[in-house]
Amino acid sequence: MNNPFNRPTEYKPCVEDILYWVAEREAIRIHKLNGIDRKFWTQDPILQKYRFCNVRRRDDRVTQWLIHNLYDQYEYGKDEDLWFIAAIARYVNWPPSLLELAGNGVLPARAEEFDPHVFVSVMDDLKKQGLKCWGSAYMLYPGRETGSNKAETVAFRFLLPLANEAVKVRAAVAENRVESVVAELTKFYGWNTFLAGQVAADLTYYPQELGWAEDLYAWAPVGPGSSRGLNRLLGRPLNKSWEQSEFNEQLRIIWTEIAEQLDMEDLMLHDVQNCMCELDKMWRVLAGEGAPRSIYSPETSY
C-alpha cells in the first residue's frame with residue numbers, strides 16, 4: 001500500500017491515512033514476530049523512529065504479559081473476579097510489581113479478599129529498593145491524594161471501594177455488555193471512562209467474562225487520544241468533546257472501512273478507538289506539532 005502521508009499537496013488527515021497506518025503497523029508486528037531484521041520492518045520514517053501501539057490492543061506487550069502470566073493463571077468463573085485483578089493490573093501496569101503483589105497474595109480471586117495494607121507495604125518496599133513500581137502507559141486519575149503516597153491512594157481510594165462494592169461490579173459483568181462494566185466502574189472515584197475501558201477490554205479476551213459481549217463491535221469508551229484523532233480526521237477543534245453515541249458512530253464508520261478494505265473484521269471497536277489514538281500521534285508529527293512521547297527501542301524483558 002502506498003504511503004498517503006507522502007502526498008505532495010497540503011496535508012490533511014483522511015481515511016486513507018488510517019488504512020495505511022493499520023496495514024503498515026500490522027505488517028511491522030508480523031515482521032517482528034517472524035524474527036525479521038528491524039531495518040526491513042518498514043520504510044516509514046515515523047513508524048521506524050517512534051513507539052506506536054499495535055492495531056489490536058491484545059497484541060501489545062504488557063497486555064500479552066498480563067494474559068499469559070497473570071490472567072491465565074486463574075480459573076475464572078462465577079466465583080472469581082477477573083475484573084478486580086484487571087483493575088489492579090491496569091493501575092499498576094508494570095509486570096515486575098504485579099509479580100511481587102501476586103507473590104504476597106495481593107491479587108485475590110475474590111475482590112472482598114483484597115488487603116490494601118499489604119498492597120501498600122509491597123509497593124513501598126519496591127520503592128525503597130529503588131525499583132520501578134508503576135507502568136507509564138496510563139496516567140493516574142485524578143492523582144495522588146494530599147498527605148498520602150501513590151500506593152496509598154491507589155489502594156484505599158481507587159481499589160478498596162471496588163472491593164467493598166464487588167456485588168455491583170459483578171452484576172455489571174453479568175449483563176454481558178462492555179458499556180455496562182465501564183458505566184459501573186466510572187461511578188467510583190479515580191475511574192474515568194478511559195481507564196475503566198482498559199479493564200473492560202481485558203475481560204473481552206475471556207469468553208466467560210465479556211468475550212461474547214453484545215457490544216464488542218458497537219461500543220468503545222471515549223479516550224483523550226482517540227477523541228483528538230477523530231477531531232483531526234473530521235476537521236474539528238482538537239479539544240472538542242464527543243457525545244458517546246456520536247463517538248461510537250464515527251468509530252463504526254472507520255471499522256467498516258478497515259474491515260472491507262483490509263479484511264480485518266475481527267477488530268473490536270475498542271481496537272479502532274486505540275488506532276485513532278495512535279493516528280493522533282502520527283498526524284501530530286506530520287502537522288509539526290511535536291513528537292510522540294516515546295522513541296522505539298526493542299525490549300525483551302522487564
# chains A, B, ... in the order shown; residues from 1 in each chain; ligands from 1
>>> select_by_dssp(residues="range 199-287 of chain A", states="helix (DSSP H, G or I)", output="mmCIF file with N, CA and C atoms, in the first residue's frame")
data_model
loop_
_atom_site.group_PDB
_atom_site.id
_atom_site.type_symbol
_atom_site.label_atom_id
_atom_site.label_comp_id
_atom_site.auth_asym_id
_atom_site.auth_seq_id
_atom_site.Cartn_x
_atom_site.Cartn_y
_atom_site.Cartn_z
ATOM 1 N N VAL A 199 -9.897 -1.929 31.649
ATOM 2 C CA VAL A 199 -10.288 -3.101 32.441
ATOM 3 C C VAL A 199 -11.317 -3.925 31.673
ATOM 4 N N ALA A 200 -12.332 -3.256 31.151
ATOM 5 C CA ALA A 200 -13.373 -3.960 30.406
ATOM 6 C C ALA A 200 -12.793 -4.660 29.181
ATOM 7 N N ALA A 201 -11.857 -4.005 28.500
ATOM 8 C CA ALA A 201 -11.245 -4.610 27.315
ATOM 9 C C ALA A 201 -10.504 -5.893 27.674
ATOM 10 N N ASP A 202 -9.828 -5.908 28.814
ATOM 11 C CA ASP A 202 -9.146 -7.136 29.241
ATOM 12 C C ASP A 202 -10.130 -8.288 29.431
ATOM 13 N N LEU A 203 -11.328 -7.967 29.878
ATOM 14 C CA LEU A 203 -12.334 -9.010 30.086
ATOM 15 C C LEU A 203 -12.820 -9.604 28.770
ATOM 16 N N PRO A 224 -9.019 10.301 25.487
ATOM 17 C CA PRO A 224 -8.490 11.610 25.068
ATOM 18 C C PRO A 224 -7.754 11.574 23.739
ATOM 19 N N GLY A 225 -6.904 10.549 23.529
ATOM 20 C CA GLY A 225 -6.158 10.473 22.272
ATOM 21 C C GLY A 225 -7.044 10.168 21.088
ATOM 22 N N SER A 226 -7.969 9.236 21.270
ATOM 23 C CA SER A 226 -8.869 8.880 20.166
ATOM 24 C C SER A 226 -9.812 10.034 19.836
ATOM 25 N N SER A 227 -10.194 10.812 20.844
ATOM 26 C CA SER A 227 -11.041 11.989 20.581
ATOM 27 C C SER A 227 -10.305 12.993 19.707
ATOM 28 N N ARG A 228 -9.046 13.229 20.032
ATOM 29 C CA ARG A 228 -8.253 14.152 19.207
ATOM 30 C C ARG A 228 -8.073 13.599 17.795
ATOM 31 N N GLY A 229 -7.836 12.276 17.695
ATOM 32 C CA GLY A 229 -7.676 11.674 16.383
ATOM 33 C C GLY A 229 -8.901 11.856 15.517
ATOM 34 N N LEU A 230 -10.070 11.617 16.087
ATOM 35 C CA LEU A 230 -11.311 11.811 15.330
ATOM 36 C C LEU A 230 -11.514 13.280 14.988
ATOM 37 N N ASN A 231 -11.166 14.156 15.907
ATOM 38 C CA ASN A 231 -11.304 15.585 15.629
ATOM 39 C C ASN A 231 -10.417 16.007 14.460
ATOM 40 N N ARG A 232 -9.196 15.487 14.422
ATOM 41 C CA ARG A 232 -8.301 15.792 13.300
ATOM 42 C C ARG A 232 -8.893 15.285 11.991
ATOM 43 N N LEU A 233 -9.387 14.064 12.013
ATOM 44 C CA LEU A 233 -9.936 13.452 10.810
ATOM 45 C C LEU A 233 -11.103 14.254 10.248
ATOM 46 N N LEU A 234 -11.940 14.759 11.144
ATOM 47 C CA LEU A 234 -13.160 15.439 10.712
ATOM 48 C C LEU A 234 -13.028 16.954 10.677
ATOM 49 N N GLN A 244 -21.057 10.206 23.509
ATOM 50 C CA GLN A 244 -20.736 8.792 23.368
ATOM 51 C C GLN A 244 -21.333 8.176 22.102
ATOM 52 N N SER A 245 -22.580 8.456 21.823
ATOM 53 C CA SER A 245 -23.232 7.839 20.660
ATOM 54 C C SER A 245 -22.589 8.300 19.361
ATOM 55 N N GLU A 246 -22.235 9.579 19.272
ATOM 56 C CA GLU A 246 -21.607 10.106 18.056
ATOM 57 C C GLU A 246 -20.202 9.537 17.902
ATOM 58 N N PHE A 247 -19.500 9.406 19.020
ATOM 59 C CA PHE A 247 -18.161 8.816 19.027
ATOM 60 C C PHE A 247 -18.217 7.391 18.477
ATOM 61 N N ASN A 248 -19.163 6.598 18.983
ATOM 62 C CA ASN A 248 -19.317 5.223 18.508
ATOM 63 C C ASN A 248 -19.680 5.174 17.031
ATOM 64 N N GLU A 249 -20.537 6.077 16.603
ATOM 65 C CA GLU A 249 -20.962 6.104 15.199
ATOM 66 C C GLU A 249 -19.777 6.347 14.276
ATOM 67 N N GLN A 250 -18.904 7.280 14.642
ATOM 68 C CA GLN A 250 -17.740 7.575 13.810
ATOM 69 C C GLN A 250 -16.753 6.409 13.811
ATOM 70 N N LEU A 251 -16.574 5.769 14.963
ATOM 71 C CA LEU A 251 -15.697 4.602 15.013
ATOM 72 C C LEU A 251 -16.241 3.459 14.165
ATOM 73 N N ARG A 252 -17.536 3.302 14.135
ATOM 74 C CA ARG A 252 -18.150 2.239 13.320
ATOM 75 C C ARG A 252 -17.899 2.495 11.832
ATOM 76 N N ILE A 253 -17.941 3.744 11.411
ATOM 77 C CA ILE A 253 -17.651 4.074 10.016
ATOM 78 C C ILE A 253 -16.228 3.664 9.673
ATOM 79 N N ILE A 254 -15.311 3.972 10.568
ATOM 80 C CA ILE A 254 -13.908 3.604 10.352
ATOM 81 C C ILE A 254 -13.745 2.093 10.395
ATOM 82 N N TRP A 255 -14.417 1.427 11.340
ATOM 83 C CA TRP A 255 -14.360 -0.042 11.425
ATOM 84 C C TRP A 255 -14.785 -0.667 10.096
ATOM 85 N N THR A 256 -15.837 -0.150 9.509
ATOM 86 C CA THR A 256 -16.329 -0.691 8.245
ATOM 87 C C THR A 256 -15.291 -0.542 7.142
ATOM 88 N N GLU A 257 -14.631 0.602 7.076
ATOM 89 C CA GLU A 257 -13.591 0.817 6.067
ATOM 90 C C GLU A 257 -12.437 -0.178 6.258
ATOM 91 N N ILE A 258 -12.002 -0.352 7.493
ATOM 92 C CA ILE A 258 -10.903 -1.271 7.771
ATOM 93 C C ILE A 258 -11.303 -2.711 7.447
ATOM 94 N N ALA A 259 -12.518 -3.086 7.841
ATOM 95 C CA ALA A 259 -12.997 -4.448 7.595
ATOM 96 C C ALA A 259 -13.089 -4.734 6.099
ATOM 97 N N GLU A 260 -13.628 -3.793 5.341
ATOM 98 C CA GLU A 260 -13.832 -4.019 3.912
ATOM 99 C C GLU A 260 -12.551 -3.894 3.105
ATOM 100 N N GLN A 261 -11.707 -2.919 3.442
ATOM 101 C CA GLN A 261 -10.511 -2.666 2.648
ATOM 102 C C GLN A 261 -9.332 -3.550 3.037
ATOM 103 N N LEU A 262 -9.267 -3.923 4.308
ATOM 104 C CA LEU A 262 -8.113 -4.681 4.798
ATOM 105 C C LEU A 262 -8.473 -6.078 5.292
ATOM 106 N N LEU A 269 -14.421 -2.717 18.467
ATOM 107 C CA LEU A 269 -14.492 -1.259 18.349
ATOM 108 C C LEU A 269 -13.455 -0.591 19.249
ATOM 109 N N HIS A 270 -13.114 -1.253 20.356
ATOM 110 C CA HIS A 270 -12.070 -0.707 21.220
ATOM 111 C C HIS A 270 -10.730 -0.671 20.479
ATOM 112 N N ASP A 271 -10.480 -1.635 19.606
ATOM 113 C CA ASP A 271 -9.258 -1.619 18.808
ATOM 114 C C ASP A 271 -9.234 -0.406 17.881
ATOM 115 N N VAL A 272 -10.381 -0.088 17.296
ATOM 116 C CA VAL A 272 -10.455 1.069 16.401
ATOM 117 C C VAL A 272 -10.227 2.353 17.198
ATOM 118 N N GLN A 273 -10.792 2.401 18.396
ATOM 119 C CA GLN A 273 -10.538 3.549 19.271
ATOM 120 C C GLN A 273 -9.051 3.698 19.527
ATOM 121 N N ASN A 274 -8.401 2.565 19.795
ATOM 122 C CA ASN A 274 -6.967 2.554 20.051
ATOM 123 C C ASN A 274 -6.192 3.055 18.832
ATOM 124 N N CYS A 275 -6.611 2.628 17.650
ATOM 125 C CA CYS A 275 -5.947 3.060 16.413
ATOM 126 C C CYS A 275 -6.063 4.572 16.226
ATOM 127 N N MET A 276 -7.213 5.137 16.559
ATOM 128 C CA MET A 276 -7.380 6.578 16.390
ATOM 129 C C MET A 276 -6.491 7.350 17.352
ATOM 130 N N CYS A 277 -6.228 6.786 18.503
ATOM 131 C CA CYS A 277 -5.279 7.402 19.431
ATOM 132 C C CYS A 277 -3.883 7.414 18.824
ATOM 133 N N GLU A 278 -3.495 6.305 18.192
ATOM 134 C CA GLU A 278 -2.177 6.221 17.570
ATOM 135 C C GLU A 278 -2.090 7.117 16.331
ATOM 136 N N LEU A 279 -3.194 7.216 15.579
ATOM 137 C CA LEU A 279 -3.197 8.116 14.416
ATOM 138 C C LEU A 279 -3.031 9.558 14.854
ATOM 139 N N ASP A 280 -3.571 9.903 16.017
ATOM 140 C CA ASP A 280 -3.375 11.259 16.526
ATOM 141 C C ASP A 280 -1.889 11.564 16.687
ATOM 142 N N LYS A 281 -1.111 10.573 17.164
ATOM 143 C CA LYS A 281 0.340 10.755 17.295
ATOM 144 C C LYS A 281 0.983 10.976 15.920
ATOM 145 N N MET A 282 0.579 10.156 14.957
ATOM 146 C CA MET A 282 1.135 10.243 13.608
ATOM 147 C C MET A 282 0.813 11.602 12.986
ATOM 148 N N TRP A 283 -0.452 11.994 13.073
ATOM 149 C CA TRP A 283 -0.873 13.263 12.493
ATOM 150 C C TRP A 283 -0.208 14.444 13.192
ATOM 151 N N ARG A 284 0.048 14.302 14.486
ATOM 152 C CA ARG A 284 0.709 15.376 15.224
ATOM 153 C C ARG A 284 2.112 15.630 14.683
ATOM 154 N N VAL A 285 2.835 14.551 14.377
ATOM 155 C CA VAL A 285 4.174 14.688 13.807
ATOM 156 C C VAL A 285 4.090 15.377 12.448
ATOM 157 N N LEU A 286 3.164 14.925 11.618
ATOM 158 C CA LEU A 286 3.039 15.464 10.268
ATOM 159 C C LEU A 286 2.600 16.921 10.258
#
>>> residues_around(residues="range 166-169 of chain A", least_positions_apart="5", cutoff="10 Å", atoms="only C-alpha atoms", output="PyMOL selection string")
chain A and resi 81+83-84+110-112+160-161+174+180-185
>>> closest_residue(among="A:Tyr71, A:Tyr189, A:Phe158, A:Trp134", to="Glu209 in chain A", atoms="only C-alpha atoms")
A:Tyr71
>>> closest_residue(among="A:Ile30, A:Leu195, A:Tyr302, A:Trp41", to="Trp94 in chain A", atoms="only C-alpha atoms")
A:Tyr302
>>> closest_residue(among="A:Ile28, A:Ala172, A:Ile88, A:Cys53", to="Leu70 in chain A", atoms="only C-alpha atoms")
A:Ile88
>>> closest_residue(among="A:Ala218, A:Leu107, A:Leu126, A:Ile36", to="Glu80 in chain A", atoms="only C-alpha atoms")
A:Leu107
